[in-house]
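The block underneath contains the structure these notes are about, expressed in structure tokens.
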Amino acid sequence: MSALPISRFPVPELNDLPDDIRETILAVQEKAGFVPNVFLALAHRPAEFRAFFAYHDALMLKETGNLTKADREMIVTATSARNNCLYCVVAHGALLRIYAKQPHVADQVAVNHLKADIPPRQKAMLDFAMKVCFRAHEVNDDDYAALREHGFDDEDVWDIAAITAFFGLSNRMANVTSMRPNDEFYLMGRVPRSK
């Protein structure tokens with residue numbers, strides 16, 4: 001475990017947090033086996049913690065539409081890399097490797113999704129996400145048509161754009177706070193799990 005601080009802002013003690021936030025963090029710890037630093041760092045501001053994770057869950061845990069969990073994490077990993085967000089690339093790259101069951105995919109899309117070993121459908125999805133990330137004002141009917149050719153509908157387009165936009169906020173806050181990725185994330189999905 002790293003002895004370095006996880007944020008340049010104060011990180012509250014678990015026992016000092018409001019009950020709902022403490023329960024959320026303990027539930028995550030129970031499921032993951034550790035507490036991702038983003039939960040502790042954002043607990044610095046409880047009202048914003050609640051709003052952040054409510055929107056995060058609405059986007060990332062959604063069970064409707066044509067985006068898989070791997071697709072969602074791929075969008076986060078690729079756009080976070082372009083926003084130079086170490087925390088999100090490492091944490092969401094780990095989730096991408098797990099959901100996609102591909103140990104190399106996160107590194108590939110973080111460096112250059114056009115060279116990654118992913119199908120044309122996902123390349124089109126990431127092309128659009130990158131446009132939203134940097135040139136959302138240029139999105140037009142041609143972008144929708146390109147996505148439709150790969151089976152995405154308008155609700156999927158909304159999801160791709162919303163995930164990209166939400167994590168643009170997350171990337172910037174992680175960078176401003178110097179949020180440190182947990183050591184656990186680095187090996188997740190790279191090596192077989194012990195039984």
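Simple scheme: letters A, B, ... for chains in structure tokens order, numbers from 1 for residues in each chain, numbers from 1 for ligands in the order shown.
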> Hey, what's within 9 Å of range 117-131 of chain A if we count only C-alpha atoms and toss same-chain stuff fewer than 5 positions away? As a ChimeraX atom specification, please?
Replying inline: /A:71,74-75,78-79,82,104-105,108-109,136-139,143-144,146-147,149-152,157,160-161,163-165
>> When DSSP is applied to the backbone of this structure, which of range 71-103 of chain A are assigned alpha helix (DSSP H)? Write them out as number ranges by chain.
In response: A: 71-82, 86-100
> Quick one: of A:Cys133, A:Met188, A:Val35, A:Ala162, who's nearest to Ala106 in chain A, counting only C-alpha atoms?
Replying inline: A:Met188
> What lies within 10 Å of Ser170 in chain A using only C-alpha atoms, ignoring chain neighbours under 6 positions off, as a PyMOL selection string?
Replying inline: chain A and resi 38+52+56+76+80+85+87-88+164+176
> CA of Pro103 in chain A to CA of Val89 in chain A: how many Å, to one decimal?
Replying inline: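 Separation between CA of Pro103 in chain A and CA of Val89 in chain A: 14.2 Å.
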> Between CA of Glu155 in chain A and CA of Leu67 in chain A, what is the spacing in Å?
Replying inline: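 Going from CA of Leu67 in chain A over to CA of Glu155 in chain A covers 9.9 Å.
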> So which residues touch range 14-24 of chain A within 8 Å, counting only C-alpha atoms, skipping near sequence neighbours fewer than 3 positions away, as a list in words?
Replying inline: Ala27, Val28, Ala43, Pro46 and Arg50 of chain A
Dump of N, CA and C atoms for the selected residues, as an mmCIF file, in the first residue's frame:
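Full text of result.cif as output:
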```cif
data_model
loop_
_atom_site.group_PDB
_atom_site.id
_atom_site.type_symbol
_atom_site.label_atom_id
_atom_site.label_comp_id
_atom_site.auth_asym_id
_atom_site.auth_seq_id
_atom_site.Cartn_x
_atom_site.Cartn_y
_atom_site.Cartn_z
ATOM 1 N N ALA A 27 -20.117 -0.599 1.729
ATOM 2 C CA ALA A 27 -20.663 -1.545 0.744
ATOM 3 C C ALA A 27 -19.690 -1.745 -0.418
ATOM 4 N N VAL A 28 -19.063 -0.663 -0.854
ATOM 5 C CA VAL A 28 -18.062 -0.764 -1.920
ATOM 6 C C VAL A 28 -16.875 -1.592 -1.438
ATOM 7 N N ALA A 43 -15.550 12.331 -0.468
ATOM 8 C CA ALA A 43 -16.301 12.462 0.790
ATOM 9 C C ALA A 43 -15.962 13.763 1.503
ATOM 10 N N PRO A 46 -19.725 16.135 1.282
ATOM 11 C CA PRO A 46 -20.789 15.139 1.245
ATOM 12 C C PRO A 46 -21.895 15.391 0.218
ATOM 13 N N ARG A 50 -22.713 12.785 -2.922
ATOM 14 C CA ARG A 50 -24.015 12.169 -3.230
ATOM 15 C C ARG A 50 -24.418 12.439 -4.686
#
```
>> From the options A:Ala110, A:Val11, A:Met173, A:Leu95, which residue's atoms come nearest to Ala32 in chain A, counting only C-alpha atoms?
In response: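 Among A:Ala110, A:Val11, A:Met173, A:Leu95, it is A:Leu95 that comes nearest to Ala32 in chain A.
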> Of the candidates A:Ala81, A:Val132, A:Ile98, A:Leu114, which shows the shortest atom-to-atom distance to Val191 in chain A, using only C-alpha atoms?
Replying inline: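 For Val191 in chain A, the nearest of the given residues is A:Ile98.
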> Within 12 Å of Ala41 in chain A, counting only C-alpha atoms, which residues qualify if same-chain residues fewer than 6 places away don't, as a VMD selection string?
Replying inline: chain A and resid 5 to 14 25 35 48 to 49 87 170 173 to 182
Restricting it to N, CA and C atoms, dump the selection as a PDB file, in the first residue's frame.
```pdb
ATOM      1  N   PRO A   5      -0.259  10.563   0.085  1.00  0.00           N
ATOM      2  CA  PRO A   5      -1.649  11.013   0.264  1.00  0.00           C
ATOM      3  C   PRO A   5      -2.488  10.723  -0.979  1.00  0.00           C
ATOM      4  N   ILE A   6      -3.777  10.468  -0.761  1.00  0.00           N
ATOM      5  CA  ILE A   6      -4.652  10.157  -1.896  1.00  0.00           C
ATOM      6  C   ILE A   6      -5.292  11.408  -2.485  1.00  0.00           C
ATOM      7  N   SER A   7      -5.165  12.528  -1.798  1.00  0.00           N
ATOM      8  CA  SER A   7      -5.731  13.789  -2.282  1.00  0.00           C
ATOM      9  C   SER A   7      -4.991  14.931  -1.606  1.00  0.00           C
ATOM     10  N   ARG A   8      -4.912  16.059  -2.297  1.00  0.00           N
ATOM     11  CA  ARG A   8      -4.286  17.217  -1.671  1.00  0.00           C
ATOM     12  C   ARG A   8      -5.263  17.928  -0.730  1.00  0.00           C
ATOM     13  N   PHE A   9      -6.526  17.509  -0.737  1.00  0.00           N
ATOM     14  CA  PHE A   9      -7.533  18.054   0.172  1.00  0.00           C
ATOM     15  C   PHE A   9      -7.724  17.094   1.341  1.00  0.00           C
ATOM     16  N   PRO A  10      -8.271  17.573   2.453  1.00  0.00           N
ATOM     17  CA  PRO A  10      -8.471  16.686   3.603  1.00  0.00           C
ATOM     18  C   PRO A  10      -9.384  15.504   3.253  1.00  0.00           C
ATOM     19  N   VAL A  11      -9.009  14.343   3.752  1.00  0.00           N
ATOM     20  CA  VAL A  11      -9.807  13.130   3.566  1.00  0.00           C
ATOM     21  C   VAL A  11     -10.426  12.806   4.926  1.00  0.00           C
ATOM     22  N   PRO A  12     -11.745  12.842   5.023  1.00  0.00           N
ATOM     23  CA  PRO A  12     -12.376  12.611   6.325  1.00  0.00           C
ATOM     24  C   PRO A  12     -12.225  11.167   6.797  1.00  0.00           C
ATOM     25  N   GLU A  13     -12.276  11.005   8.085  1.00  0.00           N
ATOM     26  CA  GLU A  13     -12.289   9.669   8.676  1.00  0.00           C
ATOM     27  C   GLU A  13     -13.656   9.043   8.436  1.00  0.00           C
ATOM     28  N   LEU A  14     -13.670   7.757   8.209  1.00  0.00           N
ATOM     29  CA  LEU A  14     -14.913   7.041   7.934  1.00  0.00           C
ATOM     30  C   LEU A  14     -15.953   7.271   9.024  1.00  0.00           C
ATOM     31  N   ILE A  25     -19.654   3.627   1.294  1.00  0.00           N
ATOM     32  CA  ILE A  25     -18.236   3.274   1.239  1.00  0.00           C
ATOM     33  C   ILE A  25     -18.005   1.861   1.758  1.00  0.00           C
ATOM     34  N   VAL A  35     -11.320   0.070  -0.612  1.00  0.00           N
ATOM     35  CA  VAL A  35     -12.096   1.282  -0.883  1.00  0.00           C
ATOM     36  C   VAL A  35     -11.369   2.081  -1.962  1.00  0.00           C
ATOM     37  N   GLU A  48     -21.763  16.965  -2.631  1.00  0.00           N
ATOM     38  CA  GLU A  48     -21.223  16.708  -3.963  1.00  0.00           C
ATOM     39  C   GLU A  48     -20.935  15.217  -4.158  1.00  0.00           C
ATOM     40  N   PHE A  49     -20.503  14.528  -3.111  1.00  0.00           N
ATOM     41  CA  PHE A  49     -20.312  13.080  -3.153  1.00  0.00           C
ATOM     42  C   PHE A  49     -21.615  12.407  -3.587  1.00  0.00           C
ATOM     43  N   TYR A  87      -5.850   8.896 -12.411  1.00  0.00           N
ATOM     44  CA  TYR A  87      -6.771   8.112 -11.588  1.00  0.00           C
ATOM     45  C   TYR A  87      -7.769   7.346 -12.449  1.00  0.00           C
ATOM     46  N   SER A 170     -15.104  14.563 -13.858  1.00  0.00           N
ATOM     47  CA  SER A 170     -14.364  13.689 -12.948  1.00  0.00           C
ATOM     48  C   SER A 170     -12.854  13.798 -13.181  1.00  0.00           C
ATOM     49  N   MET A 173     -11.527  17.091 -11.736  1.00  0.00           N
ATOM     50  CA  MET A 173     -11.473  17.090 -10.271  1.00  0.00           C
ATOM     51  C   MET A 173     -10.374  16.156  -9.764  1.00  0.00           C
ATOM     52  N   ALA A 174     -10.217  15.003 -10.405  1.00  0.00           N
ATOM     53  CA  ALA A 174      -9.151  14.080  -9.993  1.00  0.00           C
ATOM     54  C   ALA A 174      -7.786  14.731 -10.188  1.00  0.00           C
ATOM     55  N   ASN A 175      -7.616  15.461 -11.286  1.00  0.00           N
ATOM     56  CA  ASN A 175      -6.340  16.136 -11.523  1.00  0.00           C
ATOM     57  C   ASN A 175      -6.112  17.280 -10.542  1.00  0.00           C
ATOM     58  N   VAL A 176      -7.126  18.088 -10.296  1.00  0.00           N
ATOM     59  CA  VAL A 176      -6.987  19.230  -9.391  1.00  0.00           C
ATOM     60  C   VAL A 176      -6.699  18.770  -7.959  1.00  0.00           C
ATOM     61  N   THR A 177      -7.306  17.652  -7.552  1.00  0.00           N
ATOM     62  CA  THR A 177      -7.103  17.151  -6.197  1.00  0.00           C
ATOM     63  C   THR A 177      -5.880  16.240  -6.073  1.00  0.00           C
ATOM     64  N   SER A 178      -5.212  15.959  -7.197  1.00  0.00           N
ATOM     65  CA  SER A 178      -4.088  15.009  -7.222  1.00  0.00           C
ATOM     66  C   SER A 178      -4.507  13.650  -6.676  1.00  0.00           C
ATOM     67  N   MET A 179      -5.700  13.218  -7.085  1.00  0.00           N
ATOM     68  CA  MET A 179      -6.236  11.947  -6.612  1.00  0.00           C
ATOM     69  C   MET A 179      -5.340  10.797  -7.082  1.00  0.00           C
ATOM     70  N   ARG A 180      -4.964   9.978  -6.147  1.00  0.00           N
ATOM     71  CA  ARG A 180      -4.030   8.882  -6.416  1.00  0.00           C
ATOM     72  C   ARG A 180      -4.793   7.578  -6.613  1.00  0.00           C
ATOM     73  N   PRO A 181      -4.485   6.837  -7.684  1.00  0.00           N
ATOM     74  CA  PRO A 181      -5.135   5.529  -7.872  1.00  0.00           C
ATOM     75  C   PRO A 181      -4.675   4.540  -6.799  1.00  0.00           C
ATOM     76  N   ASN A 182      -5.575   3.687  -6.390  1.00  0.00           N
ATOM     77  CA  ASN A 182      -5.220   2.611  -5.455  1.00  0.00           C
ATOM     78  C   ASN A 182      -4.236   1.667  -6.133  1.00  0.00           C
TER      79      ASN A 182
END
```
>> Just the number, please: distance in Å from CA of Ala100 in chain A to CA of Gly189 in chain A, one decimal.
In response: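 For CA of Ala100 in chain A relative to CA of Gly189 in chain A, the distance reads 9.1 Å.
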> A:Glu73, A:Asn66, A:Asn171, A:Phe39: which is nearest Phe53 in chain A, counting only C-alpha atoms?
Replying inline: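 Closest to Phe53 in chain A, using only C-alpha atoms: A:Phe39.
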